[in-house]
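Colleague: Below you'll find the structure I mean.
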Amino acid sequence: MLVRTIRDIKNGAKMGFSSLLRRSFSVWSGTVVDMGDKDGELRVFMVAGEVSGDSIASRLMASLKKLSPLPIRFSGVGGPRMSKEGLESLFPMEDISVMGMWELLPHLNKFRVRLKETVEGAILFRPHVVVTVDSKGFSFRLLKQLRARYGWQESNAPLHFHYVAPSFWAWKGGEARLKSLANFVDHILCILPNEEAVCKLNGLDATFVGHPVLEDIVEFNLGKQASPHDLKIEGNSEDFRRKYALSPGAAVISLLPGSRLQEVIRMLSIFSHAFDQLKDSIPELITVIHVASNQHVENYIDGVMHKWPVPAILIPGGHQHLKYDAFSASTIALCTSGTVAMELQLARLPCVVAYRAHILTEWYIQYKAKIPYISLPNILTDSAIIPEALFQACTPTNLASLLMKLMHNKRLQEEQIVAAENVTKLLFPSERIINLEEQVEWKFPNFTPSMIASSTILSHVKS
């Protein structure tokens, strides 16, 4: 029956994977699933501290529910997307959404209180698995404290997974620090090529699951006649322009100021002055501002729009199709460095990347960084294909100049579009073979990064 079931799936039958796994329970002996079987449920404690992490974690939750042969119960800290998958967050995710050493200082007391609450919440929940997503400052402190608390009863200790490897490749001495993670992290779920191999060389169990942004392709093309090898997302420009009554001559620039309140406050002010300089040079200039799913960010942007120098359209977070329709209607984009740079790659929308931080954080980055770029497309291609305005160079005048140059130079736009095709190919996980008495091929798009991550968690054998 098992062999027949697997063959059905390989032939595209509509049987769910949870059905397959329920029929083949013997293969889970000694794994995470086996741990949960003793309690009749699998308890997963998850923590995400920012908008991108909320998205990654919510997809992981959905995939775990699909693949697990046991009922799953979740607890932890997350945002609105995790809430839709059944998580009741211990407190608002925004309370730990802080990036940078010096930026953390004013929030240090709240950070410590929330960390203590999270540790206590995890202990009370008695999870079989703890999954932290990115936000390494909070995540690693949490995992360290949990490992210390469980140290005396190791047989009952949960397994620790961290989703999104720390960017060790970007920092001097970064690889050396990986070795210490093995003391409190059992498995790293990597989103970039080569990270898995380096983690393993440093004693860390790891799996390259593919970049989470790939799941946008699957979600956007659901029900469409799209090739799985068509590694881009085409929104509907005409629908967007009609919806917002944009004239044929309107020059649209997408603006993505970030997801954390601190960075949005800092970057939006710079962006505003840049567009004030551009408004007389670009006729019918319109900005489409993409607002992150963060209540503090939403409130702040709503409050400053009356001073915005050019007409603006606000796009609320969490509306995937509307976001990519806006990208399609735009000529170029300006974004704060982050995951959004990869989304712009999928949309084939040329952009300028900007970044500013606290002056001491900037000094630390410049001192410790071993690569000259900050945006992932430039890092992956090892070239400055996307213009970057960083730190002291991130001024309104410089940004206005870079945007004008990109807006009117078709060759520069085409170079970014061509490079984006190569970048997206690097984000795919290798084709993996999972042995369930017969080899089953795990291959995108049938098996997304979140599904591969879920299968890795469920099949992990506790040593």
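Just so we're on the same page: first chain in the structure tokens is A, next is B, and so on; residues restart at 1 for each chain, and ligands are numbered from 1 in the order they show up.
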Taking the backbone alone, and naming residues the way the document does, which bits of segment 107-253 of chain A are helix (DSSP H, G or I) by DSSP, as a VMD selection string?

Modeller: chain A and resid 107 to 125 136 to 156 168 to 170 174 to 181 195 to 201 214 to 220 237 to 243

Colleague: Residues of the last selection are to be written out with C-alpha atoms, as a PDB file, in the first residue's frame.

Modeller:
```pdb
ATOM      1  CA  HIS A 107      14.261  49.116  24.321  1.00  0.00           C
ATOM      2  CA  LEU A 108      16.589  46.906  26.354  1.00  0.00           C
ATOM      3  CA  ASN A 109      14.376  46.608  29.434  1.00  0.00           C
ATOM      4  CA  LYS A 110      11.287  45.660  27.403  1.00  0.00           C
ATOM      5  CA  PHE A 111      13.425  43.235  25.378  1.00  0.00           C
ATOM      6  CA  ARG A 112      14.583  41.480  28.580  1.00  0.00           C
ATOM      7  CA  VAL A 113      11.038  41.301  29.950  1.00  0.00           C
ATOM      8  CA  ARG A 114       9.714  39.826  26.713  1.00  0.00           C
ATOM      9  CA  LEU A 115      12.576  37.336  26.579  1.00  0.00           C
ATOM     10  CA  LYS A 116      11.767  36.143  30.101  1.00  0.00           C
ATOM     11  CA  GLU A 117       8.065  35.854  29.217  1.00  0.00           C
ATOM     12  CA  THR A 118       8.923  33.822  26.118  1.00  0.00           C
ATOM     13  CA  VAL A 119      11.167  31.435  28.051  1.00  0.00           C
ATOM     14  CA  GLU A 120       8.469  30.910  30.689  1.00  0.00           C
ATOM     15  CA  GLY A 121       5.824  30.503  27.997  1.00  0.00           C
ATOM     16  CA  ALA A 122       7.875  27.813  26.286  1.00  0.00           C
ATOM     17  CA  ILE A 123       8.511  25.926  29.532  1.00  0.00           C
ATOM     18  CA  LEU A 124       4.792  25.922  30.378  1.00  0.00           C
ATOM     19  CA  PHE A 125       3.878  24.763  26.858  1.00  0.00           C
ATOM     20  CA  LYS A 136      18.964  36.078  15.746  1.00  0.00           C
ATOM     21  CA  GLY A 137      19.486  38.541  18.632  1.00  0.00           C
ATOM     22  CA  PHE A 138      16.278  37.457  20.348  1.00  0.00           C
ATOM     23  CA  SER A 139      16.199  33.915  18.938  1.00  0.00           C
ATOM     24  CA  PHE A 140      19.647  32.814  20.081  1.00  0.00           C
ATOM     25  CA  ARG A 141      19.191  34.267  23.570  1.00  0.00           C
ATOM     26  CA  LEU A 142      15.926  32.356  23.831  1.00  0.00           C
ATOM     27  CA  LEU A 143      17.420  29.059  22.649  1.00  0.00           C
ATOM     28  CA  LYS A 144      20.415  29.429  24.980  1.00  0.00           C
ATOM     29  CA  GLN A 145      18.208  30.001  28.006  1.00  0.00           C
ATOM     30  CA  LEU A 146      15.892  27.137  27.105  1.00  0.00           C
ATOM     31  CA  ARG A 147      18.808  24.747  26.663  1.00  0.00           C
ATOM     32  CA  ALA A 148      20.167  25.846  30.047  1.00  0.00           C
ATOM     33  CA  ARG A 149      16.777  25.315  31.726  1.00  0.00           C
ATOM     34  CA  TYR A 150      16.342  21.870  30.222  1.00  0.00           C
ATOM     35  CA  GLY A 151      19.942  20.815  30.756  1.00  0.00           C
ATOM     36  CA  TRP A 152      19.227  18.678  33.810  1.00  0.00           C
ATOM     37  CA  GLN A 153      16.421  16.732  32.107  1.00  0.00           C
ATOM     38  CA  GLU A 154      17.823  16.334  28.626  1.00  0.00           C
ATOM     39  CA  SER A 155      15.569  13.423  27.674  1.00  0.00           C
ATOM     40  CA  ASN A 156      12.555  15.740  27.880  1.00  0.00           C
ATOM     41  CA  PHE A 168      28.165  34.369   8.836  1.00  0.00           C
ATOM     42  CA  TRP A 169      29.492  34.831   5.297  1.00  0.00           C
ATOM     43  CA  ALA A 170      29.144  38.618   5.625  1.00  0.00           C
ATOM     44  CA  GLY A 174      31.626  34.778  11.107  1.00  0.00           C
ATOM     45  CA  GLU A 175      32.345  31.125  10.364  1.00  0.00           C
ATOM     46  CA  ALA A 176      34.270  30.694  13.617  1.00  0.00           C
ATOM     47  CA  ARG A 177      31.196  31.764  15.593  1.00  0.00           C
ATOM     48  CA  LEU A 178      29.101  29.036  13.979  1.00  0.00           C
ATOM     49  CA  LYS A 179      30.718  26.356  16.141  1.00  0.00           C
ATOM     50  CA  SER A 180      29.207  27.812  19.322  1.00  0.00           C
ATOM     51  CA  LEU A 181      25.677  27.578  17.908  1.00  0.00           C
ATOM     52  CA  GLU A 195      25.243  27.789   3.738  1.00  0.00           C
ATOM     53  CA  GLU A 196      24.408  24.141   4.423  1.00  0.00           C
ATOM     54  CA  ALA A 197      27.919  22.926   3.566  1.00  0.00           C
ATOM     55  CA  VAL A 198      29.623  25.603   5.688  1.00  0.00           C
ATOM     56  CA  CYS A 199      27.345  24.931   8.667  1.00  0.00           C
ATOM     57  CA  LYS A 200      28.102  21.215   8.502  1.00  0.00           C
ATOM     58  CA  LEU A 201      31.841  21.875   8.301  1.00  0.00           C
ATOM     59  CA  LEU A 214      10.042  31.360  -4.024  1.00  0.00           C
ATOM     60  CA  GLU A 215       6.724  30.621  -2.371  1.00  0.00           C
ATOM     61  CA  ASP A 216       5.400  33.900  -3.773  1.00  0.00           C
ATOM     62  CA  ILE A 217       5.679  32.293  -7.218  1.00  0.00           C
ATOM     63  CA  VAL A 218       3.544  29.336  -6.152  1.00  0.00           C
ATOM     64  CA  GLU A 219       0.923  31.483  -4.395  1.00  0.00           C
ATOM     65  CA  PHE A 220       0.703  34.047  -7.181  1.00  0.00           C
ATOM     66  CA  SER A 237      -0.322  46.676 -14.570  1.00  0.00           C
ATOM     67  CA  GLU A 238      -3.524  47.628 -16.401  1.00  0.00           C
ATOM     68  CA  ASP A 239      -5.753  46.571 -13.503  1.00  0.00           C
ATOM     69  CA  PHE A 240      -3.654  48.569 -11.058  1.00  0.00           C
ATOM     70  CA  ARG A 241      -3.652  51.722 -13.194  1.00  0.00           C
ATOM     71  CA  ARG A 242      -7.399  51.434 -13.764  1.00  0.00           C
ATOM     72  CA  LYS A 243      -8.092  50.774 -10.058  1.00  0.00           C
TER      73      LYS A 243
END
```

Colleague: List as an NGL selection string the protein and nucleic acid residues near Ile56 of chain A, meaning an atom at most 8 Å away when only C-alpha atoms are counted, but skip any in the same chain fewer than 2 places from it.

Modeller: :A and (52-54 or 58-60 or 133 or 212 or 450)

Colleague: Now that the selection is made, can you save its residues with N, CA and C atoms as a PDB file, in the first residue's frame?

Modeller:
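Written file, out.pdb:
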```
ATOM      1  N   SER A  52       8.929  39.721   7.811  1.00  0.00           N
ATOM      2  CA  SER A  52       9.391  38.637   6.933  1.00  0.00           C
ATOM      3  C   SER A  52       9.394  37.305   7.680  1.00  0.00           C
ATOM      4  N   GLY A  53       9.759  37.336   8.954  1.00  0.00           N
ATOM      5  CA  GLY A  53       9.744  36.118   9.761  1.00  0.00           C
ATOM      6  C   GLY A  53       8.337  35.603   9.984  1.00  0.00           C
ATOM      7  N   ASP A  54       7.382  36.510  10.142  1.00  0.00           N
ATOM      8  CA  ASP A  54       5.977  36.127  10.292  1.00  0.00           C
ATOM      9  C   ASP A  54       5.488  35.388   9.056  1.00  0.00           C
ATOM     10  N   SER A  58       4.521  31.445   9.109  1.00  0.00           N
ATOM     11  CA  SER A  58       3.137  31.069   8.801  1.00  0.00           C
ATOM     12  C   SER A  58       3.086  29.994   7.730  1.00  0.00           C
ATOM     13  N   ARG A  59       3.960  30.102   6.752  1.00  0.00           N
ATOM     14  CA  ARG A  59       4.010  29.081   5.704  1.00  0.00           C
ATOM     15  C   ARG A  59       4.526  27.758   6.265  1.00  0.00           C
ATOM     16  N   LEU A  60       5.467  27.843   7.177  1.00  0.00           N
ATOM     17  CA  LEU A  60       5.974  26.633   7.822  1.00  0.00           C
ATOM     18  C   LEU A  60       4.870  25.964   8.635  1.00  0.00           C
ATOM     19  N   VAL A 133      12.668  31.910  13.999  1.00  0.00           N
ATOM     20  CA  VAL A 133      12.804  32.351  12.610  1.00  0.00           C
ATOM     21  C   VAL A 133      13.536  33.690  12.567  1.00  0.00           C
ATOM     22  N   PRO A 212      12.607  31.546   0.926  1.00  0.00           N
ATOM     23  CA  PRO A 212      11.154  31.666   1.126  1.00  0.00           C
ATOM     24  C   PRO A 212      10.438  32.488   0.059  1.00  0.00           C
ATOM     25  N   SER A 450       8.979  25.768   2.443  1.00  0.00           N
ATOM     26  CA  SER A 450       8.334  25.483   3.734  1.00  0.00           C
ATOM     27  C   SER A 450       8.010  24.002   3.882  1.00  0.00           C
TER      28      SER A 450
END
```

Colleague: Could you state the separation of atom CA of Ser55 of chain A and atom CA of Tyr163 of chain A in Å, given to one decimal place?

Modeller: 12.0 Å

Colleague: Find the residues near Phe161 of chain A: any atom within 7 Å, counting only C-alpha atoms, skip ones fewer than 2 places away on the same chain, and give them as a list in words.

Modeller: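 The neighbour list is Val130, Val131, Thr132, Leu159, Tyr163, Val185, Asp186, His187 and Ile188 of chain A.
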
Colleague: Write down as a VMD selection string the residues of segment 258-457 of chain A whose backbone DSSP state falls under strand (DSSP E or B).

Modeller: chain A and resid 285 to 290 312 to 315 332 to 336 351 to 355 369 388 to 390 432 to 435 439 to 442

Colleague: Using only C-alpha atoms, which of the listed residues (A:Ala357, A:Val297, A:Leu278, A:Leu90) sits closest to Pro309 of chain A?

Modeller: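 Smallest distance to Pro309 of chain A is found for A:Leu278.
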